[in-house]
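To start, the structure under review is shown below, and the notes come after it.
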Amino acid sequence: MFAILSLAFVSVSSAAQPAPRSNGLAQTPPVGWSSWNNFGDDINEQIVIETIDAMIANGMRDAGYVFVNLDDGWQRYKGARRDHPLEFDPIKFPRGISYLADYAHQRGMKLGIYSGPGQTTCAGYTGSEGHEAEEARMFASWGVDHLKYDSCCSHREAPKEELQKIFRTMSNALMAQKRGIVLHACHCGWGDIWEWAAALGINHWRIGQDISDDFNYPGNREQYYFDVLDQLDRGVGLEKYAGPGHWNDYDMLIVGLDGKSKQLVGTGASNTEYRTHFSLWAMVSSPMLVGADVRKLDQYSLETLTNQEIVALNQDPAGNIAHKVRDDGDLEVFAKELADGS
């Protein structure tokens with residue numbers, strides 16, 4: 001167990017924001033696992049099944065980690081959508097995505113999938129551009145519960161109207177389905193996405209560039225990646241945009257990666273730093289998707305991730321976001337009010 005300092009909540013005034021468009025989902029931040037940071041596109045049916053089984057056996061599911069999300073690489077074809085249909089890879093997933101969704105649902109878990117608004121995805125696989133309604137119907141028919149819709153940080157200089165059109169199109173397509181699907185807009189925090197995402201019915205949106213496996217790296221690795229404290233700083237002042245059903249996303253958890261990720265840059269962090277990172281993500285009500293191989297977590301990492309008091313901070317029904325209430329330079333204090341007033 002580990003403790004967290006309880007402080008009085010200090011409210012921050014804000015101008016009125018556009019009313020959120022609700023699909024009724026993600027009333028608390030999504031919590032689970034995502035495949036990319038450890039496996040990249042080297043994913044398959046066996047890995048997903050073993051991951052589900054491991055999360056049940058090691059107590060993660062019972063601690064609240066119910067999403068098992070496929071990232072890029074489940075698709076059959078590389079190349080533009082105009083040249084290829086969007087299908088699952090029959091070699092990697094011989095029984096299809098529906099089989100995995102059923103496997104997850106039968107065990108009290110949820111399945112997520114990945115696509116993007118371009119002709120291709122970040123890893124070069126077939127994207128969804130021009131086929132959003134078709135793709136949404138397909139995902140719903142498979143029993144998918146979550147869609148990471150990744151622009152690959154493209155359109156950085158695009159007008160907000162263009163960005164809004166891209167994500168509104170997929171949001172509308174998903175909302176037209178009888179099956180509810182959580183929508184994650186992955187756009188690196190550009191275009192002030194936090195100002196308009198909730199109004200489009202997006203459930204969580206990235207507020208910054210990709211996280212690195214570092215707690216406090218000087219500068220940005222490769223002039224791009226944010227470490228833990230960079231991500232935390234990025235979120236200061238954005239608290240007013242988040243709440244039940246729509247969340248600021250500080251990127252995936254790096255707990256357990258230990259500098260060994262096949263995809264993520266960074267040399268790793270100490271156990272104390274990983275634990276602090278986890279506690280901070282809980283306080284700011286970020287979605288918490290583990291990027292490590294949960295089949296091989298060490299005991300310390302597992303104890304960190306399954307600490308019920310800290311998970312409860314993240315899943316508190318009030319949905320308040322921790323604010324910075326004091327900054328003495330080297331010391332910063334954040335506070336979060338819970339539903340019971342504590």
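Naming scheme: A, B, ... for chains in displayed order of the structure tokens; residues 1 onward per chain; ligands 1 onward as shown.
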
Show me, as a Markdown table, the residues of region 51-150 of chain A having an atom within 10 Å of region 200-220 of chain A, each with the closest atom pair and its distance in Å, using only C-alpha atoms.
```
| residue | atom | partner | partner_atom | distance |
| --- | --- | --- | --- | --- |
| A:His146 | CA | A:Asn203 | CA | 9.8 |
| A:Lys148 | CA | A:His204 | CA | 9.4 |
| A:Tyr149 | CA | A:Trp205 | CA | 9.6 |
| A:Asp150 | CA | A:Arg206 | CA | 9.8 |
```

Export all heavy atoms of the chosen residues as a PDB file, in the first residue's frame?
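Result written to selection_24.pdb:
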```
ATOM      1  N   HIS A 146     -14.297  -0.363 -27.889  1.00  0.00           N
ATOM      2  CA  HIS A 146     -13.454   0.837 -27.803  1.00  0.00           C
ATOM      3  C   HIS A 146     -12.719   0.992 -29.129  1.00  0.00           C
ATOM      4  O   HIS A 146     -12.233   0.015 -29.695  1.00  0.00           O
ATOM      5  CB  HIS A 146     -12.443   0.661 -26.658  1.00  0.00           C
ATOM      6  CG  HIS A 146     -11.540   1.839 -26.415  1.00  0.00           C
ATOM      7  ND1 HIS A 146     -10.458   2.136 -27.216  1.00  0.00           N
ATOM      8  CD2 HIS A 146     -11.540   2.775 -25.427  1.00  0.00           C
ATOM      9  CE1 HIS A 146      -9.836   3.205 -26.747  1.00  0.00           C
ATOM     10  NE2 HIS A 146     -10.469   3.618 -25.662  1.00  0.00           N
ATOM     11  N   LYS A 148      -9.615   3.275 -30.767  1.00  0.00           N
ATOM     12  CA  LYS A 148      -8.571   4.292 -30.793  1.00  0.00           C
ATOM     13  C   LYS A 148      -8.461   4.770 -32.231  1.00  0.00           C
ATOM     14  O   LYS A 148      -8.098   4.004 -33.130  1.00  0.00           O
ATOM     15  CB  LYS A 148      -7.236   3.722 -30.317  1.00  0.00           C
ATOM     16  CG  LYS A 148      -6.087   4.729 -30.364  1.00  0.00           C
ATOM     17  CD  LYS A 148      -4.796   4.087 -29.878  1.00  0.00           C
ATOM     18  CE  LYS A 148      -3.617   5.040 -29.986  1.00  0.00           C
ATOM     19  NZ  LYS A 148      -2.350   4.407 -29.525  1.00  0.00           N
ATOM     20  N   TYR A 149      -8.784   6.034 -32.452  1.00  0.00           N
ATOM     21  CA  TYR A 149      -8.806   6.605 -33.793  1.00  0.00           C
ATOM     22  C   TYR A 149      -7.629   7.558 -33.895  1.00  0.00           C
ATOM     23  O   TYR A 149      -7.658   8.680 -33.393  1.00  0.00           O
ATOM     24  CB  TYR A 149     -10.134   7.312 -34.015  1.00  0.00           C
ATOM     25  CG  TYR A 149     -10.528   7.444 -35.469  1.00  0.00           C
ATOM     26  CD1 TYR A 149     -10.488   6.339 -36.321  1.00  0.00           C
ATOM     27  CD2 TYR A 149     -10.960   8.662 -35.980  1.00  0.00           C
ATOM     28  CE1 TYR A 149     -10.861   6.456 -37.649  1.00  0.00           C
ATOM     29  CE2 TYR A 149     -11.343   8.788 -37.305  1.00  0.00           C
ATOM     30  CZ  TYR A 149     -11.280   7.679 -38.137  1.00  0.00           C
ATOM     31  OH  TYR A 149     -11.653   7.787 -39.455  1.00  0.00           O
ATOM     32  N   ASP A 150      -6.570   7.110 -34.556  1.00  0.00           N
ATOM     33  CA  ASP A 150      -5.257   7.725 -34.454  1.00  0.00           C
ATOM     34  C   ASP A 150      -4.894   8.466 -35.739  1.00  0.00           C
ATOM     35  O   ASP A 150      -4.734   7.854 -36.792  1.00  0.00           O
ATOM     36  CB  ASP A 150      -4.228   6.621 -34.168  1.00  0.00           C
ATOM     37  CG  ASP A 150      -2.869   7.145 -33.761  1.00  0.00           C
ATOM     38  OD1 ASP A 150      -2.658   8.362 -33.857  1.00  0.00           O
ATOM     39  OD2 ASP A 150      -2.030   6.330 -33.344  1.00  0.00           O
TER      40      ASP A 150
END
```

Checklist entry - Val68 (chain A): which residues within 9 Å, counting only C-alpha atoms, same-chain residues fewer than 5 positions away excluded, as a list in words? => result Gly32, Trp33, Ser34, Ser35, Val48, Thr51, Ile52, Ala104, Met109, Lys110, Leu111, Gly112, Ile113 and Leu289 of chain A

Checklist entry - CA of Val66 (chain A) to CA of Thr267 (chain A): how many Å, to one decimal? => result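 Separation between CA of Val66 (chain A) and CA of Thr267 (chain A): 28.3 Å.
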
Item to check | Long-range neighbours of Ile49 (chain A) as an MDAnalysis selection string, 9 Å cut-off, only C-alpha atoms, 4 positions minimum in chain | outcome: chainID A and resid 44:45 53:54 100 103:104

Next on the checklist: With distances taken over only C-alpha atoms, which residue among A:Gly245, A:His323, A:Ala63, A:Trp142 lies nearest Arg95 (chain A)?
Outcome noted: A:Trp142

Checklist entry - Which residue gives the smallest distance to Asp258 (chain A) among A:Leu238, A:Leu305, A:Ala136, A:Leu297, with only C-alpha atoms counted? => result A:Leu297

Item to check | Selection: 12 Å around Arg234 (chain A), only C-alpha atoms, excl. self and same-chain fewer than 3 positions, as a PyMOL selection string | outcome: chain A and resi 188-190+192+194+206-209+211+226-231+237-239+248-251+284+324

For those residues, write N, CA, C and O atoms to a file as an mmCIF file, in the first residue's frame.
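In the end it all went to out-v5.cif:
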```cif
data_model
loop_
_atom_site.group_PDB
_atom_site.id
_atom_site.type_symbol
_atom_site.label_atom_id
_atom_site.label_comp_id
_atom_site.auth_asym_id
_atom_site.auth_seq_id
_atom_site.Cartn_x
_atom_site.Cartn_y
_atom_site.Cartn_z
ATOM 1 N N CYS A 188 -2.305 13.855 -30.496
ATOM 2 C CA CYS A 188 -1.101 14.496 -29.934
ATOM 3 C C CYS A 188 -1.357 15.834 -29.253
ATOM 4 O O CYS A 188 -0.413 16.576 -28.967
ATOM 5 N N GLY A 189 -2.620 16.159 -29.005
ATOM 6 C CA GLY A 189 -2.913 17.402 -28.313
ATOM 7 C C GLY A 189 -2.790 18.641 -29.162
ATOM 8 O O GLY A 189 -2.813 19.762 -28.642
ATOM 9 N N TRP A 190 -2.693 18.468 -30.473
ATOM 10 C CA TRP A 190 -2.602 19.628 -31.345
ATOM 11 C C TRP A 190 -4.004 20.091 -31.743
ATOM 12 O O TRP A 190 -4.983 19.369 -31.622
ATOM 13 N N ASP A 192 -5.710 22.275 -30.235
ATOM 14 C CA ASP A 192 -6.517 22.547 -29.032
ATOM 15 C C ASP A 192 -7.695 21.587 -28.933
ATOM 16 O O ASP A 192 -8.839 21.987 -28.669
ATOM 17 N N TRP A 194 -8.815 19.610 -26.820
ATOM 18 C CA TRP A 194 -9.598 19.597 -25.583
ATOM 19 C C TRP A 194 -10.734 20.608 -25.604
ATOM 20 O O TRP A 194 -11.719 20.438 -24.896
ATOM 21 N N ARG A 206 -6.025 12.646 -26.500
ATOM 22 C CA ARG A 206 -4.648 12.883 -26.085
ATOM 23 C C ARG A 206 -4.380 14.377 -25.989
ATOM 24 O O ARG A 206 -4.738 15.147 -26.882
ATOM 25 N N ILE A 207 -3.724 14.770 -24.905
ATOM 26 C CA ILE A 207 -3.411 16.183 -24.695
ATOM 27 C C ILE A 207 -1.973 16.517 -25.082
ATOM 28 O O ILE A 207 -1.604 17.687 -25.107
ATOM 29 N N GLY A 208 -1.154 15.504 -25.371
ATOM 30 C CA GLY A 208 0.239 15.757 -25.693
ATOM 31 C C GLY A 208 0.784 14.713 -26.644
ATOM 32 O O GLY A 208 0.088 13.783 -27.050
ATOM 33 N N GLN A 209 2.051 14.868 -26.970
ATOM 34 C CA GLN A 209 2.723 13.925 -27.851
ATOM 35 C C GLN A 209 2.966 12.611 -27.103
ATOM 36 O O GLN A 209 2.675 12.492 -25.913
ATOM 37 N N ILE A 211 4.196 9.560 -24.965
ATOM 38 C CA ILE A 211 4.981 9.476 -23.746
ATOM 39 C C ILE A 211 6.229 8.642 -24.007
ATOM 40 O O ILE A 211 6.237 7.733 -24.844
ATOM 41 N N PHE A 226 7.313 13.199 -24.789
ATOM 42 C CA PHE A 226 7.120 13.803 -23.473
ATOM 43 C C PHE A 226 7.376 12.757 -22.399
ATOM 44 O O PHE A 226 6.872 11.632 -22.501
ATOM 45 N N ASP A 227 8.105 13.126 -21.352
ATOM 46 C CA ASP A 227 8.224 12.231 -20.208
ATOM 47 C C ASP A 227 7.030 12.432 -19.273
ATOM 48 O O ASP A 227 6.107 13.214 -19.575
ATOM 49 N N VAL A 228 7.028 11.757 -18.135
ATOM 50 C CA VAL A 228 5.893 11.825 -17.208
ATOM 51 C C VAL A 228 5.620 13.255 -16.764
ATOM 52 O O VAL A 228 4.468 13.726 -16.794
ATOM 53 N N LEU A 229 6.658 13.968 -16.337
ATOM 54 C CA LEU A 229 6.439 15.320 -15.826
ATOM 55 C C LEU A 229 6.063 16.293 -16.937
ATOM 56 O O LEU A 229 5.322 17.251 -16.696
ATOM 57 N N ASP A 230 6.559 16.056 -18.158
ATOM 58 C CA ASP A 230 6.114 16.866 -19.299
ATOM 59 C C ASP A 230 4.609 16.721 -19.510
ATOM 60 O O ASP A 230 3.896 17.707 -19.747
ATOM 61 N N GLN A 231 4.130 15.475 -19.467
ATOM 62 C CA GLN A 231 2.697 15.224 -19.663
ATOM 63 C C GLN A 231 1.885 15.900 -18.562
ATOM 64 O O GLN A 231 0.829 16.494 -18.821
ATOM 65 N N GLY A 237 -4.207 23.432 -16.331
ATOM 66 C CA GLY A 237 -5.084 24.404 -16.972
ATOM 67 C C GLY A 237 -6.135 23.794 -17.869
ATOM 68 O O GLY A 237 -7.046 24.485 -18.332
ATOM 69 N N LEU A 238 -6.022 22.487 -18.130
ATOM 70 C CA LEU A 238 -6.992 21.812 -18.995
ATOM 71 C C LEU A 238 -8.058 21.063 -18.206
ATOM 72 O O LEU A 238 -8.899 20.383 -18.777
ATOM 73 N N GLU A 239 -8.030 21.204 -16.885
ATOM 74 C CA GLU A 239 -8.940 20.433 -16.035
ATOM 75 C C GLU A 239 -10.411 20.687 -16.375
ATOM 76 O O GLU A 239 -11.248 19.779 -16.312
ATOM 77 N N ASN A 248 -9.374 14.131 -20.464
ATOM 78 C CA ASN A 248 -8.026 14.422 -20.942
ATOM 79 C C ASN A 248 -7.190 13.147 -20.821
ATOM 80 O O ASN A 248 -7.164 12.521 -19.757
ATOM 81 N N ASP A 249 -6.507 12.777 -21.877
ATOM 82 C CA ASP A 249 -5.723 11.536 -21.905
ATOM 83 C C ASP A 249 -4.234 11.885 -21.926
ATOM 84 O O ASP A 249 -3.735 12.498 -22.863
ATOM 85 N N TYR A 250 -3.528 11.474 -20.867
ATOM 86 C CA TYR A 250 -2.114 11.789 -20.703
ATOM 87 C C TYR A 250 -1.212 10.718 -21.324
ATOM 88 O O TYR A 250 -0.018 10.715 -21.102
ATOM 89 N N ASP A 251 -1.769 9.819 -22.080
ATOM 90 C CA ASP A 251 -1.106 8.713 -22.768
ATOM 91 C C ASP A 251 -0.968 7.514 -21.822
ATOM 92 O O ASP A 251 -1.259 7.575 -20.645
ATOM 93 N N VAL A 284 -5.260 12.870 -11.893
ATOM 94 C CA VAL A 284 -5.747 13.745 -12.967
ATOM 95 C C VAL A 284 -6.830 13.068 -13.805
ATOM 96 O O VAL A 284 -7.241 13.596 -14.841
ATOM 97 N N LYS A 324 -3.344 21.929 -9.842
ATOM 98 C CA LYS A 324 -2.158 22.415 -9.135
ATOM 99 C C LYS A 324 -2.599 23.562 -8.229
ATOM 100 O O LYS A 324 -3.101 24.585 -8.707
#
```

Can you list, as a CSV table (one decimal) with all heavy atoms, in the first residue's frame, every protein, DNA or RNA residue that comes within 9 Å of Phe167 (chain A) when you count only C-alpha atoms, leaving out same-chain residues fewer than 3 positions away?
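The resulting file, out_2.csv, is shown below:
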```
chain,number,residue,atom,x,y,z
A,117,PRO,N,-7.9,8.0,-39.4
A,117,PRO,CA,-8.7,8.8,-40.4
A,117,PRO,C,-8.0,9.0,-41.7
A,117,PRO,O,-8.6,9.6,-42.6
A,117,PRO,CB,-8.9,10.1,-39.7
A,117,PRO,CG,-7.7,10.3,-38.8
A,117,PRO,CD,-7.4,8.9,-38.3
A,149,TYR,N,-8.8,6.0,-32.5
A,149,TYR,CA,-8.8,6.6,-33.8
A,149,TYR,C,-7.6,7.6,-33.9
A,149,TYR,O,-7.7,8.7,-33.4
A,149,TYR,CB,-10.1,7.3,-34.0
A,149,TYR,CG,-10.5,7.4,-35.5
A,149,TYR,CD1,-10.5,6.3,-36.3
A,149,TYR,CD2,-11.0,8.7,-36.0
A,149,TYR,CE1,-10.9,6.5,-37.6
A,149,TYR,CE2,-11.3,8.8,-37.3
A,149,TYR,CZ,-11.3,7.7,-38.1
A,149,TYR,OH,-11.7,7.8,-39.5
A,162,GLU,N,-11.1,21.4,-40.0
A,162,GLU,CA,-10.8,20.1,-40.7
A,162,GLU,C,-10.6,19.0,-39.7
A,162,GLU,O,-11.1,17.9,-39.9
A,162,GLU,CB,-9.5,20.3,-41.5
A,162,GLU,CG,-9.1,19.1,-42.3
A,162,GLU,CD,-7.8,19.3,-43.0
A,162,GLU,OE1,-7.4,20.4,-43.3
A,162,GLU,OE2,-7.2,18.2,-43.4
A,163,LEU,N,-10.0,19.3,-38.6
A,163,LEU,CA,-9.8,18.3,-37.6
A,163,LEU,C,-11.2,17.9,-37.0
A,163,LEU,O,-11.4,16.7,-36.8
A,163,LEU,CB,-8.9,18.8,-36.4
A,163,LEU,CG,-7.5,19.2,-36.8
A,163,LEU,CD1,-6.8,19.8,-35.6
A,163,LEU,CD2,-6.7,17.9,-37.3
A,164,GLN,N,-12.0,18.8,-36.7
A,164,GLN,CA,-13.3,18.5,-36.2
A,164,GLN,C,-14.1,17.7,-37.2
A,164,GLN,O,-14.8,16.8,-36.7
A,164,GLN,CB,-14.1,19.9,-35.9
A,164,GLN,CG,-13.4,20.6,-34.7
A,164,GLN,CD,-13.9,22.0,-34.6
A,164,GLN,OE1,-14.7,22.5,-35.4
A,164,GLN,NE2,-13.4,22.8,-33.6
A,170,MET,N,-16.3,10.1,-37.7
A,170,MET,CA,-16.3,8.8,-37.0
A,170,MET,C,-17.2,8.7,-35.8
A,170,MET,O,-17.8,7.7,-35.5
A,170,MET,CB,-14.8,8.4,-36.7
A,170,MET,CG,-14.7,7.0,-36.0
A,170,MET,SD,-15.5,5.7,-37.0
A,170,MET,CE,-14.2,5.3,-38.2
A,171,SER,N,-17.2,9.8,-35.1
A,171,SER,CA,-18.1,9.9,-33.9
A,171,SER,C,-19.5,9.6,-34.3
A,171,SER,O,-20.3,8.8,-33.7
A,171,SER,CB,-18.0,11.2,-33.2
A,171,SER,OG,-18.8,11.3,-32.0
A,172,ASN,N,-20.0,10.3,-35.3
A,172,ASN,CA,-21.4,10.1,-35.8
A,172,ASN,C,-21.6,8.7,-36.3
A,172,ASN,O,-22.7,8.1,-36.0
A,172,ASN,CB,-21.6,11.1,-37.0
A,172,ASN,CG,-21.8,12.5,-36.6
A,172,ASN,OD1,-21.9,12.8,-35.4
A,172,ASN,ND2,-21.7,13.4,-37.5
A,185,ALA,N,-9.8,9.8,-29.4
A,185,ALA,CA,-9.2,10.6,-30.5
A,185,ALA,C,-7.7,10.8,-30.1
A,185,ALA,O,-7.4,11.5,-29.2
A,185,ALA,CB,-9.9,11.9,-30.6
A,197,ALA,N,-13.4,18.5,-28.4
A,197,ALA,CA,-13.6,17.1,-28.5
A,197,ALA,C,-14.9,16.6,-27.8
A,197,ALA,O,-15.6,15.8,-28.4
A,197,ALA,CB,-12.4,16.3,-27.9
A,200,LEU,N,-18.1,16.9,-29.6
A,200,LEU,CA,-18.3,15.9,-30.8
A,200,LEU,C,-18.6,14.5,-30.3
A,200,LEU,O,-18.8,13.6,-31.1
A,200,LEU,CB,-17.0,15.9,-31.6
A,200,LEU,CG,-16.5,17.2,-32.2
A,200,LEU,CD1,-15.3,17.0,-33.1
A,200,LEU,CD2,-17.6,17.9,-33.0
A,202,ILE,N,-16.6,12.7,-28.3
A,202,ILE,CA,-15.3,11.9,-28.1
A,202,ILE,C,-15.2,11.7,-26.6
A,202,ILE,O,-15.3,12.6,-25.8
A,202,ILE,CB,-14.1,12.7,-28.6
A,202,ILE,CG1,-14.3,12.9,-30.2
A,202,ILE,CG2,-12.8,12.0,-28.3
A,202,ILE,CD1,-13.3,13.8,-30.8
```

Next on the checklist: Using only C-alpha atoms, can you tell me which of A:Gly73, A:Gly127, A:Gly266, A:Pro244 comes closest to Asn314 (chain A)?
Outcome noted: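 With only C-alpha atoms as the atom set, the closest residue is A:Pro244.
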
Checklist entry - Where in region 79-214 of chain A does DSSP assign strand (DSSP E), given as number ranges by chain? => result A: 110-115, 146-150, 182-186, 204-206

Item to check | helix (DSSP H, G or I) per DSSP on the backbone: members of region 241-322 of chain A, as a PyMOL selection string | outcome: chain A and resi 241+271-283+294-296+299-305+308-315

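Closest to Asp293 (chain A) among A:Pro29, A:Gly108, A:Gly64, A:Gly40 is A:Gly40, based on only C-alpha atoms.
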
Checklist entry - Which neighbours of Gly79 (chain A) fall inside 7 Å, counting only C-alpha atoms, when residues of the same chain fewer than 6 positions from it are skipped, and could you give them as a PyMOL selection string? => result chain A and resi 120+124-126

Checklist entry - Excluding same-chain residues fewer than 5 positions from Glu135 (chain A), what lies within 9 Å of it counting only C-alpha atoms, as a list in words? => result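 These residues fall inside the cut-off: Leu86, Ser128, Ala140, Met170, Ala173 and Leu174 of chain A.
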
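The spacing separating CA of Glu222 (chain A) from CA of Gly268 (chain A) amounts to 15.8 Å.
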